[in-house]
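Data file: input32.txt. Format and content: compact mmCIF, C-alpha atoms.
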# COMPACT_ATOMS: atom_id res chain seq x y z
CA MET A 248 12.57 15.18 11.04
CA GLU A 249 11.42 11.60 10.41
CA LYS A 250 7.72 11.30 9.64
CA SER A 251 5.33 8.56 10.78
CA PHE A 252 1.87 7.22 10.00
CA ILE A 253 -0.62 6.78 12.82
CA ILE A 254 -3.24 4.24 11.76
CA LYS A 255 -6.37 3.01 13.54
CA GLY A 256 -7.40 -0.29 12.05
CA GLY A 257 -10.67 -2.15 11.62
CA LYS A 258 -12.35 -0.04 8.94
CA LYS A 259 -13.49 -1.36 5.57
CA LEU A 260 -11.95 0.49 2.65
CA ILE A 261 -14.56 1.39 0.07
CA GLY A 262 -14.39 3.68 -2.94
CA ARG A 263 -12.40 4.53 -6.02
CA VAL A 264 -8.66 5.19 -6.32
CA ARG A 265 -6.44 5.90 -9.30
CA VAL A 266 -3.04 4.26 -9.63
CA SER A 267 -0.02 6.39 -10.53
CA GLY A 268 2.36 5.95 -13.42
CA ALA A 269 4.71 3.02 -12.94
CA LYS A 270 7.79 3.88 -10.88
CA ASN A 271 9.85 1.19 -12.58
CA ALA A 272 9.00 2.56 -16.02
CA ALA A 273 9.17 6.32 -15.39
CA SER A 274 12.62 6.24 -13.78
CA LYS A 275 14.13 4.29 -16.73
CA MET A 276 12.49 6.65 -19.22
CA MET A 277 14.16 9.59 -17.53
CA VAL A 278 17.49 7.85 -18.08
CA ALA A 279 16.54 7.05 -21.69
CA SER A 280 15.99 10.76 -22.30
CA LEU A 281 19.77 11.21 -21.90
CA LEU A 282 20.20 9.42 -25.24
CA THR A 283 18.96 12.45 -27.17
CA ASP A 284 19.73 16.17 -27.20
CA GLU A 285 16.05 16.87 -27.86
CA ARG A 286 13.21 17.32 -25.38
CA VAL A 287 11.34 14.32 -23.96
CA THR A 288 7.93 14.72 -22.32
CA LEU A 289 6.53 12.05 -20.00
CA LEU A 290 2.80 11.99 -19.22
CA ASN A 291 1.12 10.09 -16.35
CA PHE A 292 4.32 10.87 -14.46
CA PRO A 293 4.27 9.87 -10.76
CA ALA A 294 4.97 12.43 -8.02
CA ILE A 295 6.99 10.13 -5.77
CA GLY A 296 10.32 10.29 -3.97
CA GLU A 297 12.05 7.93 -6.37
CA MET A 298 11.56 10.44 -9.20
CA ASP A 299 13.26 13.16 -7.12
CA ILE A 300 16.34 10.95 -6.79
CA VAL A 301 16.49 10.29 -10.54
CA ALA A 302 15.86 13.98 -11.25
CA GLU A 303 18.92 14.89 -9.17
CA LEU A 304 20.96 12.35 -11.11
CA CYS A 305 19.85 13.68 -14.51
CA GLU A 306 20.32 17.31 -13.48
CA SER A 307 23.87 16.58 -12.33
CA ILE A 308 24.57 15.23 -15.83
CA GLY A 309 23.08 18.27 -17.55
CA SER A 310 19.33 17.77 -17.88
CA LYS A 311 16.83 20.59 -17.52
CA LEU A 312 13.58 19.43 -15.91
CA THR A 313 10.16 21.02 -15.72
CA ARG A 314 7.47 19.28 -13.71
CA SER A 315 3.75 19.85 -13.36
CA LYS A 316 0.96 17.58 -12.13
CA GLY A 317 1.27 14.29 -13.98
CA LYS A 318 3.83 15.61 -16.47
CA LEU A 319 7.60 15.87 -16.79
CA SER A 320 9.60 17.67 -19.47
CA ILE A 321 13.28 16.67 -19.57
CA HIS A 322 15.86 18.10 -21.97
CA THR A 323 19.59 17.35 -22.09
CA PRO A 324 21.03 19.42 -24.97
CA THR A 325 24.60 18.85 -23.77
CA ILE A 326 26.23 16.49 -21.28
CA LYS A 327 27.64 18.72 -18.56
CA THR A 328 29.67 15.94 -16.98
CA HIS A 329 30.15 12.23 -17.45
CA GLU A 330 31.05 11.89 -13.76
CA VAL A 331 28.35 11.51 -11.13
CA LEU A 332 30.33 10.89 -7.98
CA SER A 333 27.79 11.65 -5.28
CA LEU A 334 24.04 12.06 -4.79
CA SER A 335 22.14 13.22 -1.72
CA ARG A 336 20.15 9.96 -1.81
CA ARG A 337 20.99 6.68 -3.47
CA ASN A 338 19.08 4.19 -5.57
CA ARG A 339 19.98 1.61 -8.21
CA ILE A 340 19.36 3.85 -11.23
CA PRO A 341 22.85 5.43 -11.76
CA ILE A 342 24.29 2.26 -13.29
CA LEU A 343 21.71 2.54 -16.10
CA THR A 344 23.24 5.85 -17.19
CA LEU A 345 26.43 4.09 -18.29
CA GLY A 346 25.03 3.28 -21.75
CA PRO A 347 23.71 6.78 -22.54
CA LEU A 348 26.89 8.44 -21.22
CA LEU A 349 29.14 6.06 -23.18
CA ALA A 350 27.07 6.76 -26.30
CA ARG A 351 27.32 10.53 -25.96
CA CYS A 352 30.71 10.96 -24.24
CA GLY A 353 32.63 7.72 -24.63
CA LYS A 354 33.14 7.52 -20.86
CA ALA A 355 31.18 7.50 -17.63
CA GLU A 356 31.55 7.25 -13.87
CA VAL A 357 28.65 6.64 -11.50
CA PRO A 358 28.31 5.91 -7.76
CA ILE A 359 27.86 2.44 -6.31
CA LEU A 360 24.30 1.13 -6.18
CA GLY A 361 21.87 1.82 -3.39
CA GLY A 362 18.09 1.60 -3.06
CA ASP A 363 15.73 -0.73 -1.24
CA LYS A 364 17.21 -2.67 1.67
CA ILE A 365 16.40 -6.08 0.19
CA GLY A 366 19.82 -7.63 -0.10
CA PRO A 367 22.63 -7.21 -2.61
CA ARG A 368 21.91 -6.64 -6.28
CA PRO A 369 24.83 -8.03 -8.28
CA VAL A 370 25.93 -5.92 -11.23
CA ASP A 371 28.09 -8.48 -13.02
CA LEU A 372 25.39 -9.09 -15.64
CA HIS A 373 25.30 -5.35 -16.40
CA PHE A 374 29.06 -5.22 -16.82
CA LYS A 375 29.33 -8.34 -18.99
CA ALA A 376 26.71 -6.94 -21.36
CA LEU A 377 28.46 -3.57 -21.68
CA GLU A 378 31.87 -5.21 -22.03
CA ALA A 379 30.53 -7.39 -24.84
CA MET A 380 29.65 -4.14 -26.64
CA GLY A 381 33.15 -2.73 -26.26
CA ALA A 382 33.14 -0.97 -22.90
CA LYS A 383 35.99 -1.24 -20.41
CA ILE A 384 34.74 -1.12 -16.82
CA THR A 385 36.58 -0.80 -13.53
CA ALA A 386 35.29 -0.46 -9.99
CA THR A 387 36.66 1.84 -7.33
CA GLU A 388 35.68 1.90 -3.67
CA LYS A 389 32.82 4.30 -4.36
CA SER A 390 32.13 4.24 -8.10
CA TYR A 391 32.01 2.38 -11.40
CA ARG A 392 34.08 3.74 -14.31
CA ALA A 393 33.43 2.88 -17.93
CA GLU A 394 35.16 3.82 -21.17
CA ALA A 395 34.44 3.09 -24.81
CA PRO A 396 37.08 5.07 -26.71
CA HIS A 397 36.12 3.42 -29.99
CA GLY A 398 32.40 3.55 -29.35
CA LEU A 399 29.96 0.76 -28.54
CA HIS A 400 29.23 -1.98 -31.06
CA GLY A 401 26.56 -4.64 -31.41
CA ALA A 402 27.01 -8.02 -29.74
CA LYS A 403 25.22 -11.21 -28.77
CA ILE A 404 24.40 -11.09 -25.06
CA VAL A 405 23.17 -14.19 -23.26
CA PHE A 406 21.93 -13.72 -19.71
CA PRO A 407 21.99 -16.72 -17.35
CA PHE A 408 18.99 -15.15 -15.59
CA PRO A 409 16.46 -12.70 -17.10
CA SER A 410 17.57 -9.72 -15.02
CA VAL A 411 15.39 -6.65 -15.40
CA GLY A 412 18.16 -4.13 -14.71
CA ALA A 413 20.75 -5.82 -16.92
CA THR A 414 18.24 -6.09 -19.77
CA GLU A 415 17.43 -2.40 -19.47
CA ASN A 416 21.13 -1.51 -19.41
CA ALA A 417 21.80 -3.58 -22.53
CA ILE A 418 18.88 -1.96 -24.37
CA LEU A 419 19.94 1.58 -23.44
CA ALA A 420 23.51 0.88 -24.57
CA ALA A 421 22.56 -0.91 -27.79
CA VAL A 422 20.15 1.59 -29.37
CA LEU A 423 23.01 3.92 -30.41
CA ALA A 424 25.70 1.23 -30.81
CA LYS A 425 27.08 0.34 -34.24
CA GLY A 426 25.54 -2.79 -35.70
CA LYS A 427 23.07 -5.29 -34.29
CA THR A 428 22.68 -6.52 -30.72
CA LEU A 429 20.86 -9.71 -29.79
CA ILE A 430 19.83 -10.06 -26.14
CA CYS A 431 18.98 -13.65 -25.20
CA ASN A 432 17.07 -14.70 -22.08
CA ALA A 433 16.01 -11.07 -21.65
CA ALA A 434 13.52 -9.82 -19.09
CA VAL A 435 10.22 -8.86 -20.73
CA GLU A 436 8.35 -7.12 -17.91
CA PRO A 437 5.60 -4.63 -18.95
CA GLU A 438 7.83 -1.76 -17.82
CA ILE A 439 10.56 -2.92 -20.22
CA ILE A 440 8.09 -3.20 -23.09
CA ASP A 441 6.92 0.34 -22.29
CA LEU A 442 10.53 1.56 -22.37
CA ILE A 443 10.97 -0.13 -25.76
CA LYS A 444 7.83 1.62 -27.05
CA MET A 445 9.21 4.98 -25.98
CA LEU A 446 12.59 4.27 -27.61
CA GLN A 447 10.82 3.28 -30.83
CA LYS A 448 9.08 6.65 -30.83
CA MET A 449 12.52 8.24 -30.47
CA GLY A 450 13.73 6.45 -33.61
CA ALA A 451 15.22 3.21 -32.23
CA ILE A 452 14.93 -0.09 -34.10
CA ILE A 453 13.99 -2.79 -31.57
CA GLY A 454 12.33 -6.13 -32.26
CA LEU A 455 10.93 -8.75 -29.87
CA GLY A 456 11.60 -12.37 -30.78
CA ALA A 457 10.61 -15.74 -29.40
CA ASN A 458 12.02 -17.22 -26.19
CA ARG A 459 12.89 -13.92 -24.51
CA THR A 460 15.02 -12.47 -27.30
CA ILE A 461 15.34 -8.78 -28.11
CA GLU A 462 17.06 -7.65 -31.32
CA ILE A 463 18.32 -4.08 -31.64
CA GLU A 464 19.76 -2.39 -34.69
CA GLY A 465 21.76 0.66 -33.67
CA VAL A 466 20.90 4.04 -35.17
CA PRO A 467 23.07 7.19 -35.44
CA ARG A 468 20.83 9.38 -33.27
CA LEU A 469 17.55 9.51 -31.41
CA ARG A 470 15.02 12.33 -31.33
CA GLY A 471 12.72 13.66 -28.63
CA THR A 472 9.21 12.34 -28.04
CA THR A 473 6.11 12.45 -25.85
CA HIS A 474 5.13 9.25 -24.08
CA SER A 475 2.57 8.26 -21.43
CA VAL A 476 3.90 6.03 -18.65
CA ILE A 477 1.96 2.80 -18.04
CA PRO A 478 -0.03 2.45 -14.79
CA ASP A 479 1.80 0.96 -11.82
CA ARG A 480 0.89 -2.73 -11.51
CA MET A 481 2.53 -3.01 -8.08
CA GLU A 482 0.32 -0.24 -6.74
CA ALA A 483 -2.78 -1.83 -8.31
CA ALA A 484 -2.05 -5.13 -6.56
CA SER A 485 -1.51 -3.33 -3.24
CA PHE A 486 -4.98 -1.75 -3.39
CA ALA A 487 -6.48 -5.11 -4.38
CA CYS A 488 -4.95 -6.69 -1.27
CA LEU A 489 -6.23 -3.80 0.86
CA ALA A 490 -9.78 -4.31 -0.43
CA ALA A 491 -9.81 -8.02 0.42
CA ALA A 492 -7.89 -7.61 3.70
CA THR A 493 -10.37 -5.06 5.08
CA ASP A 494 -13.41 -6.81 3.55
CA GLY A 495 -14.12 -3.68 1.56
CA LYS A 496 -14.46 -2.93 -2.14
CA ILE A 497 -12.11 -0.74 -4.15
CA PHE A 498 -12.30 0.23 -7.81
CA VAL A 499 -8.71 0.68 -8.97
CA GLU A 500 -8.82 3.13 -11.84
CA ASP A 501 -6.37 2.45 -14.69
CA ALA A 502 -5.46 -1.03 -13.40
CA ARG A 503 -4.81 -3.15 -16.50
CA GLN A 504 -5.78 -6.81 -16.70
CA GLU A 505 -2.94 -7.64 -19.11
CA ASP A 506 -0.37 -6.51 -16.52
CA LEU A 507 -1.99 -8.43 -13.64
CA LEU A 508 -2.92 -11.82 -15.13
CA THR A 509 -0.90 -13.96 -12.71
CA PHE A 510 -1.86 -11.85 -9.70
CA LEU A 511 -5.55 -12.02 -10.60
CA ASN A 512 -5.45 -15.82 -10.74
CA ALA A 513 -3.84 -16.07 -7.29
CA PHE A 514 -6.23 -13.43 -5.89
CA ARG A 515 -9.26 -15.39 -7.10
CA ARG A 516 -7.87 -18.72 -5.83
CA ILE A 517 -7.64 -17.47 -2.24
CA GLY A 518 -11.16 -15.99 -2.27
CA GLY A 519 -10.75 -12.53 -3.76
CA GLY A 520 -13.26 -11.24 -6.28
CA TYR A 521 -12.69 -8.84 -9.15
CA GLU A 522 -14.48 -7.36 -12.13
CA VAL A 523 -12.67 -5.87 -15.11
CA ALA A 524 -14.04 -2.66 -16.64
CA ASP A 525 -12.79 -0.49 -19.49
CA ASP A 526 -11.22 2.01 -17.09
CA GLY A 527 -10.00 -0.24 -14.29
CA ILE A 528 -10.74 -3.21 -12.02
CA SER A 529 -12.94 -3.59 -8.92
CA PHE A 530 -11.59 -5.76 -6.09
CA TRP A 531 -13.31 -7.27 -3.04
CA ARG A 532 -13.41 -10.38 -0.83
CA GLU A 533 -15.81 -12.84 -2.48
CA ARG A 534 -15.62 -15.64 0.11
CA PRO A 535 -13.63 -16.47 3.27
CA LEU A 536 -9.95 -16.40 2.36
CA THR A 537 -8.05 -19.69 2.10
CA GLY A 538 -4.36 -20.55 1.90
CA ILE A 539 -2.32 -21.01 -1.26
CA GLU A 540 1.11 -22.13 -2.46
CA PHE A 541 2.98 -19.98 -4.96
CA GLU A 542 6.44 -18.80 -5.94
CA THR A 543 7.61 -15.53 -7.39
CA ASP A 544 9.15 -15.44 -10.84
CA THR A 545 10.12 -13.11 -13.67
CA HIS A 546 7.29 -11.89 -15.90
CA PRO A 547 4.82 -13.37 -16.73
CA GLY A 548 5.17 -15.15 -13.37
CA PHE A 549 4.03 -13.85 -9.98
CA MET A 550 5.90 -10.60 -9.48
CA THR A 551 8.25 -10.29 -6.51
CA ASP A 552 6.78 -6.87 -5.67
CA TRP A 553 3.33 -8.46 -5.28
CA GLN A 554 4.63 -10.95 -2.74
CA GLN A 555 4.74 -8.69 0.31
CA PRO A 556 1.20 -7.22 0.22
CA PHE A 557 -0.13 -10.66 -0.74
CA VAL A 558 1.50 -12.23 2.33
CA ALA A 559 -0.11 -9.57 4.53
CA LEU A 560 -3.43 -10.64 3.04
CA LEU A 561 -2.61 -14.33 3.62
CA THR A 562 -2.33 -13.75 7.37
CA GLN A 563 -6.14 -13.53 7.22
CA ALA A 564 -6.57 -16.71 5.15
CA LYS A 565 -7.70 -20.02 6.67
CA GLY A 566 -5.10 -22.78 6.52
CA VAL A 567 -1.46 -22.86 5.51
CA SER A 568 0.15 -20.82 2.72
CA VAL A 569 3.62 -21.49 1.31
CA VAL A 570 5.56 -18.76 -0.50
CA HIS A 571 8.84 -19.32 -2.35
CA GLU A 572 10.71 -16.10 -3.28
CA THR A 573 13.02 -16.73 -6.25
CA ILE A 574 13.94 -13.18 -7.32
CA TYR A 575 15.52 -11.58 -4.23
CA GLU A 576 17.17 -13.49 -1.42
CA ASP A 577 16.17 -11.25 1.50
CA ARG A 578 12.56 -10.13 1.12
CA PHE A 579 10.97 -11.61 4.23
CA ALA A 580 12.49 -9.30 6.85
CA TYR A 581 9.06 -7.74 7.29
CA ALA A 582 7.77 -11.08 8.70
CA ARG A 583 9.16 -10.10 12.11
CA ASP A 584 6.96 -7.00 12.14
CA LEU A 585 3.84 -8.97 11.20
CA ASN A 586 4.60 -11.65 13.79
CA ALA A 587 4.94 -8.94 16.44
CA MET A 588 1.38 -7.89 15.53
CA GLY A 589 0.07 -11.45 15.91
CA ALA A 590 0.78 -13.15 12.58
CA ASN A 591 2.15 -16.68 12.35
CA ILE A 592 4.88 -16.61 9.70
CA LYS A 593 7.90 -18.92 9.67
CA VAL A 594 10.77 -18.16 7.31
CA PHE A 595 13.14 -20.80 5.88
CA SER A 596 16.38 -20.88 3.92
CA LYS A 597 15.38 -24.01 2.00
CA CYS A 598 13.46 -23.88 -1.28
CA LEU A 599 9.78 -24.59 -0.63
CA GLY A 600 8.74 -24.36 -4.26
CA GLU A 601 8.36 -27.00 -6.94
CA VAL A 602 11.84 -26.35 -8.34
CA ALA A 603 15.04 -25.48 -6.48
CA CYS A 604 15.97 -21.88 -7.28
CA ARG A 605 19.34 -20.13 -7.57
CA PHE A 606 19.32 -19.41 -3.81
CA ASN A 607 19.24 -23.11 -2.94
CA GLY A 608 21.97 -24.00 -0.44
CA ARG A 609 23.10 -20.40 0.07
CA GLY A 610 21.53 -19.89 3.48
CA CYS A 611 19.17 -17.15 2.26
CA GLU A 612 15.82 -16.96 4.01
CA HIS A 613 13.69 -16.96 0.89
CA SER A 614 10.70 -19.18 1.70
CA ALA A 615 7.85 -18.65 4.15
CA ILE A 616 4.95 -20.58 5.67
CA ILE A 617 1.97 -18.51 6.78
CA SER A 618 -0.64 -20.07 9.09
CA GLY A 619 -3.97 -18.32 9.53
CA PRO A 620 -6.21 -16.65 10.04
CA THR A 621 -4.63 -14.73 12.90
CA PRO A 622 -6.07 -11.59 14.49
CA LEU A 623 -3.61 -8.70 14.33
CA VAL A 624 -3.15 -6.01 16.96
CA GLY A 625 -1.67 -2.56 16.51
CA GLY A 626 2.00 -1.99 17.14
CA LYS A 627 5.05 0.08 16.28
CA SER A 628 7.27 -0.61 13.29
CA THR A 629 9.71 1.05 10.90
CA ALA A 630 9.42 0.81 7.12
CA ARG A 631 12.42 -1.32 6.12
CA ASP A 632 11.94 -0.71 2.40
CA LEU A 633 9.23 0.41 0.01
CA ARG A 634 7.26 -2.84 -0.32
CA ALA A 635 7.70 -3.87 3.32
CA GLY A 636 6.30 -0.47 4.28
CA VAL A 637 3.14 -1.22 2.33
CA VAL A 638 2.87 -4.55 4.18
CA GLN A 639 2.94 -2.64 7.46
CA ILE A 640 0.17 -0.31 6.23
CA ILE A 641 -2.04 -3.23 5.22
CA ALA A 642 -1.41 -4.98 8.55
CA ALA A 643 -2.18 -1.79 10.48
CA LEU A 644 -5.47 -1.32 8.61
CA ILE A 645 -6.45 -4.93 9.44
CA ALA A 646 -5.33 -4.74 13.08
CA LYS A 647 -7.35 -3.95 16.14
CA GLY A 648 -6.13 -0.77 17.79
CA THR A 649 -3.59 1.84 16.77
CA SER A 650 -0.32 1.32 14.88
CA THR A 651 2.61 3.66 14.33
CA ILE A 652 4.80 3.26 11.25
CA SER A 653 7.96 5.36 11.16
CA GLY A 654 10.33 5.91 8.25
CA VAL A 655 7.48 6.58 5.84
CA GLU A 656 9.91 8.29 3.47
CA GLU A 657 10.64 4.76 2.21
CA ILE A 658 6.94 4.36 1.31
CA ASP A 659 6.82 7.83 -0.28
CA ARG A 660 9.55 6.70 -2.68
CA GLY A 661 7.00 4.58 -4.55
CA TYR A 662 3.48 5.59 -3.52
CA GLU A 663 2.12 9.03 -4.31
CA ASN A 664 0.09 10.62 -1.46
CA ILE A 665 -0.67 7.17 -0.07
CA ASP A 666 -2.16 8.49 3.17
CA GLY A 667 -4.44 10.96 1.37
CA ARG A 668 -5.71 8.31 -1.01
CA LEU A 669 -6.33 5.86 1.82
CA ARG A 670 -8.30 8.47 3.77
CA ALA A 671 -10.48 8.97 0.70
CA LEU A 672 -11.28 5.24 0.91
CA GLY A 673 -12.26 5.50 4.57
CA ALA A 674 -8.99 4.69 6.34
CA ASP A 675 -8.14 6.34 9.66
CA ILE A 676 -4.56 7.37 8.88
CA LYS A 677 -2.64 10.55 9.60
CA ARG A 678 0.91 11.68 8.93
CA VAL A 679 2.81 13.22 11.84

Show this structure as structure tokens.
Amino acid sequence: MEKSFIIKGGKKLIGRVRVSGAKNAASKMMVASLLTDERVTLLNFPAIGEMDIVAELCESIGSKLTRSKGKLSIHTPTIKTHEVLSLSRRNRIPILTLGPLLARCGKAEVPILGGDKIGPRPVDLHFKALEAMGAKITATEKSYRAEAPHGLHGAKIVFPFPSVGATENAILAAVLAKGKTLICNAAVEPEIIDLIKMLQKMGAIIGLGANRTIEIEGVPRLRGTTHSVIPDRMEAASFACLAAATDGKIFVEDARQEDLLTFLNAFRRIGGGYEVADDGISFWRERPLTGIEFETDTHPGFMTDWQQPFVALLTQAKGVSVVHETIYEDRFAYARDLNAMGANIKVFSKCLGEVACRFNGRGCEHSAIISGPTPLVGGKSTARDLRAGVVQIIAALIAKGTSTISGVEEIDRGYENIDGRLRALGADIKRV
């Protein structure tokens, strides 16, 4: 039965909350564990729905998993099958198993991508990288097949865009490939750096160069390791937005300044206040909120996953804000839900940033103008995807009256016990 959140808004959120381990790091580390026949232990491991999906994927391949609070042990002594043809739930992770399966079996077949409902996620960059390393890839109606009968070999890979997923795929394939691989115009998000740190512990040889280059020297085998997952920077930003939106004050335990530099600048510019401590960051509203212009970008730019909660906050800012989304072409669908609650958000297909992005002229609604402040009233909505669901929570906590958010399974995919943690901060929220 589908679950919902019932939220009564208007309360200031005050207190202390701890962020979970990063979803976008932990899931890739589970895949990286397939590269070795030894045990891998992940600490600060998040208890979220996304990890259940990846666990099913790894178990179907042959992994043995043991989970306890904040800890995962994963061991794949043998590959039971190189074919993963169906999963009970879908996300975009299966394509990342191509490299490990090719390294250990010489062939692989995985289902077509799924995941958040935020538009198509092209996989051509993934395939070109793997093909440069010697893989032969074909697509069927429901799956991707890959073969490397002579093994993978090093190659020079130049990405036209610093894709996070394609960079991760290239890294996972290259660590056991013969020879050296040079990845140019690579993504360098904190989650990727954390994955590289884990692979180094396992015995990989990976160097970071200037201008987004990653150099990998393949090794014959990797060993097991223990690694602590970095804190989730998306979750930290969400709680920061909640603090300012409700005019409360939240200490976000384990939030790291080095992962939030661009967000912190934007937060301060619109009127948010923060104080960095050794064990986290406090967030509050320092002055009346004002509008801002910004565009999302790859790291170290303003992260696309920060955009949605930040826009919810901007509905309470005086003046006009302009947001240009350059990473995904369809991330403003949630604007309809906010407008139904009283927000004033207009979405455009033209580029409203300083530079025309790759979506220019394609008819994608990837820019927005937010006029505020606007009082919000409670309403009914359905979580369209993980980040949009968080937008709806923030809006409901700002709004006057009661809101109902259905489809909260989407939110549970990325936020551990979000309703329980919000109640501890003073929110009136219940799961039904």

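Proximity of A:Thr288, A:Ser650, A:Thr537, A:Ser614 to Ser596 of chain A, computed with all atoms listed in the file, is greatest for A:Ser614.
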
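What separates atom CA of Ile342 of chain A from atom CA of Ala483 of chain A is a distance of 27.8 Å.
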
Near segment 451-467 of chain A, counting all atoms listed in the file, which residues have an atom at most 6 Å away, once you skip same-chain residues fewer than 5 positions from it, shown as a PyMOL selection string?
chain A and resi 422-433+446

If you count only C-alpha atoms, the residue of A:His546, A:Lys383, A:Lys444, A:His400 closest to His474 of chain A turns out to be A:Lys444

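In this comparison, which uses only C-alpha atoms, the residue of A:Asp526, A:Glu436, A:Glu303, A:Asp577 approaching Gly548 of chain A most closely is A:Glu436.
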
Could you give me, as a PyMOL selection string, the residues that sit within 12 Å of (11.6, 12.0, -4.4) in the file's coordinates, counting all atoms listed in the file?
chain A and resi 270+274+293-304+335-338+656-664

For segment 274-278 of chain A, take all atoms listed in the file, fit an axis-aligned box around them, add 5 Å to each of the six sides, then output centre and edge lengths in Å rounded to one decimal, as lines of an AutoDock Vina configuration file.
center_x = 15.0
center_y = 6.9
center_z = -16.5
size_x = 15.0
size_y = 15.3
size_z = 15.4

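Note that the spacing between atom CA of Phe406 of chain A and atom CA of Leu372 of chain A amounts to 7.1 Å.
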
Selection: 12 Å around Leu348 of chain A, all atoms listed in the file, excl. self and same-chain fewer than 2 positions, as a VMD selection string:
chain A and resid 278 to 283 305 308 to 309 323 325 to 331 341 to 346 350 to 357 382 392 to 395 398 to 399 416 419 to 420 423

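Closest approach to Thr509 of chain A from the set A:Cys488, A:Leu349, A:Leu260, A:Met550 is made by A:Met550, with distances taken over all atoms listed in the file.
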
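With atom CA of Arg470 of chain A on one side and atom CA of Thr313 of chain A on the other, the separation reads 18.5 Å.
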
Contacts of Phe541 of chain A at 7 Å (all atoms listed in the file; same-chain gap of 4+ positions) as an MDAnalysis selection string:
chainID A and resid 569:571

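Within the 12 Å cut-off around Cys604 of chain A, using only C-alpha atoms and omitting residues fewer than 6 positions from it on the same chain, the listed residues are Phe408, Glu542, Thr543, Asp544, His571, Glu572, Thr573, Ile574, Tyr575, Glu576, Ser596, Lys597, Cys598, Cys611, His613 and Ser614 of chain A.
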
Please, could N, CA and C atoms be added to segment 300-315 of chain A and the result written as a PDB file, in the frame of the given file?
ATOM      1  N   ILE A 300      14.970  11.461  -6.777  1.00  0.00           N
ATOM      2  CA  ILE A 300      16.340  10.950  -6.790  1.00  0.00           C
ATOM      3  C   ILE A 300      16.876  10.889  -8.215  1.00  0.00           C
ATOM      4  N   VAL A 301      16.056  10.388  -9.140  1.00  0.00           N
ATOM      5  CA  VAL A 301      16.490  10.290 -10.540  1.00  0.00           C
ATOM      6  C   VAL A 301      16.639  11.669 -11.154  1.00  0.00           C
ATOM      7  N   ALA A 302      15.763  12.604 -10.752  1.00  0.00           N
ATOM      8  CA  ALA A 302      15.860  13.980 -11.250  1.00  0.00           C
ATOM      9  C   ALA A 302      17.205  14.590 -10.856  1.00  0.00           C
ATOM     10  N   GLU A 303      17.619  14.371  -9.618  1.00  0.00           N
ATOM     11  CA  GLU A 303      18.920  14.890  -9.170  1.00  0.00           C
ATOM     12  C   GLU A 303      20.055  14.301 -10.001  1.00  0.00           C
ATOM     13  N   LEU A 304      19.956  13.013 -10.284  1.00  0.00           N
ATOM     14  CA  LEU A 304      20.960  12.350 -11.110  1.00  0.00           C
ATOM     15  C   LEU A 304      21.029  12.969 -12.505  1.00  0.00           C
ATOM     16  N   CYS A 305      19.871  13.132 -13.144  1.00  0.00           N
ATOM     17  CA  CYS A 305      19.850  13.680 -14.510  1.00  0.00           C
ATOM     18  C   CYS A 305      20.315  15.144 -14.531  1.00  0.00           C
ATOM     19  N   GLU A 306      19.903  15.911 -13.536  1.00  0.00           N
ATOM     20  CA  GLU A 306      20.320  17.310 -13.480  1.00  0.00           C
ATOM     21  C   GLU A 306      21.819  17.434 -13.293  1.00  0.00           C
ATOM     22  N   SER A 307      22.418  16.530 -12.527  1.00  0.00           N
ATOM     23  CA  SER A 307      23.870  16.580 -12.330  1.00  0.00           C
ATOM     24  C   SER A 307      24.601  16.303 -13.647  1.00  0.00           C
ATOM     25  N   ILE A 308      23.964  15.541 -14.536  1.00  0.00           N
ATOM     26  CA  ILE A 308      24.570  15.230 -15.830  1.00  0.00           C
ATOM     27  C   ILE A 308      24.382  16.373 -16.825  1.00  0.00           C
ATOM     28  N   GLY A 309      23.318  17.157 -16.645  1.00  0.00           N
ATOM     29  CA  GLY A 309      23.080  18.270 -17.550  1.00  0.00           C
ATOM     30  C   GLY A 309      21.656  18.452 -17.993  1.00  0.00           C
ATOM     31  N   SER A 310      20.730  17.682 -17.469  1.00  0.00           N
ATOM     32  CA  SER A 310      19.330  17.770 -17.880  1.00  0.00           C
ATOM     33  C   SER A 310      18.650  18.988 -17.268  1.00  0.00           C
ATOM     34  N   LYS A 311      17.693  19.512 -18.006  1.00  0.00           N
ATOM     35  CA  LYS A 311      16.830  20.590 -17.520  1.00  0.00           C
ATOM     36  C   LYS A 311      15.428  20.012 -17.397  1.00  0.00           C
ATOM     37  N   LEU A 312      14.865  20.064 -16.178  1.00  0.00           N
ATOM     38  CA  LEU A 312      13.580  19.430 -15.910  1.00  0.00           C
ATOM     39  C   LEU A 312      12.523  20.457 -15.562  1.00  0.00           C
ATOM     40  N   THR A 313      11.325  20.229 -16.094  1.00  0.00           N
ATOM     41  CA  THR A 313      10.160  21.020 -15.720  1.00  0.00           C
ATOM     42  C   THR A 313       9.036  20.068 -15.380  1.00  0.00           C
ATOM     43  N   ARG A 314       8.511  20.208 -14.148  1.00  0.00           N
ATOM     44  CA  ARG A 314       7.470  19.280 -13.710  1.00  0.00           C
ATOM     45  C   ARG A 314       6.174  20.032 -13.398  1.00  0.00           C
ATOM     46  N   SER A 315       5.074  19.410 -13.765  1.00  0.00           N
ATOM     47  CA  SER A 315       3.750  19.850 -13.360  1.00  0.00           C
ATOM     48  C   SER A 315       2.960  18.600 -13.020  1.00  0.00           C
TER      49      SER A 315
END
